[in-house]
Amino acid sequence: MRVDAVRDVTVTGDAGNNTITPTLGLARYVDGGAGIDTVVIPATLSQTYVQSQNNGSFTLQRLTDGAMLDVTRVERVTFNDTRLALDLNGHAGEAAKLLGALGGPALLANKGVVGE
């Protein structure tokens, strides 16, 4: 069975650092806009499938019910149990490289330090 969905429900951020808590569904889309934007997902990371798209956007799918969300220009995702940085080619990647250079790979495993 094939289901094609038009992503017609869009939430768009502005030039600031937005925190967006969208309603998940079959045809949902978030464009964070400029700034460091965060999407809040009502699920744990293990309950969510995260897929990178070729155009730099991501698809997030909650495995408990199949609800989907496509995000573009969103740098962070907050789950019920953790936070995830999507911009590894941007600010998050630069911070990880700096931490790795200062403290080695072991420092990158410290969630308290990396999360800051």
# chains A, B, ... in the order shown; residues from 1 in each chain; ligands from 1
$ residues_around --residues "Gln61 of chain A" --least-positions-apart "2" --cutoff "6 Å" --atoms "only C-alpha atoms" --output "compact mmCIF listing (two decimals) with C-alpha atoms, in the first residue's frame"
# COMPACT_ATOMS: atom_id res chain seq x y z
CA THR A 48 11.12 8.17 17.35
CA TYR A 49 12.65 7.37 13.97
CA GLY A 66 3.18 6.62 13.04
CA ALA A 67 2.72 10.38 13.44
CA MET A 68 5.18 12.25 11.21
$ closest_residue --among "A:Ala43, A:Ser57, A:Ser52, A:Asp37" --to "Glu75 of chain A" --atoms "only C-alpha atoms"
A:Asp37
$ atom_distance --atom1 "atom CA of Leu63 of chain A" --atom2 "atom CA of Gly25 of chain A"
12.0 Å
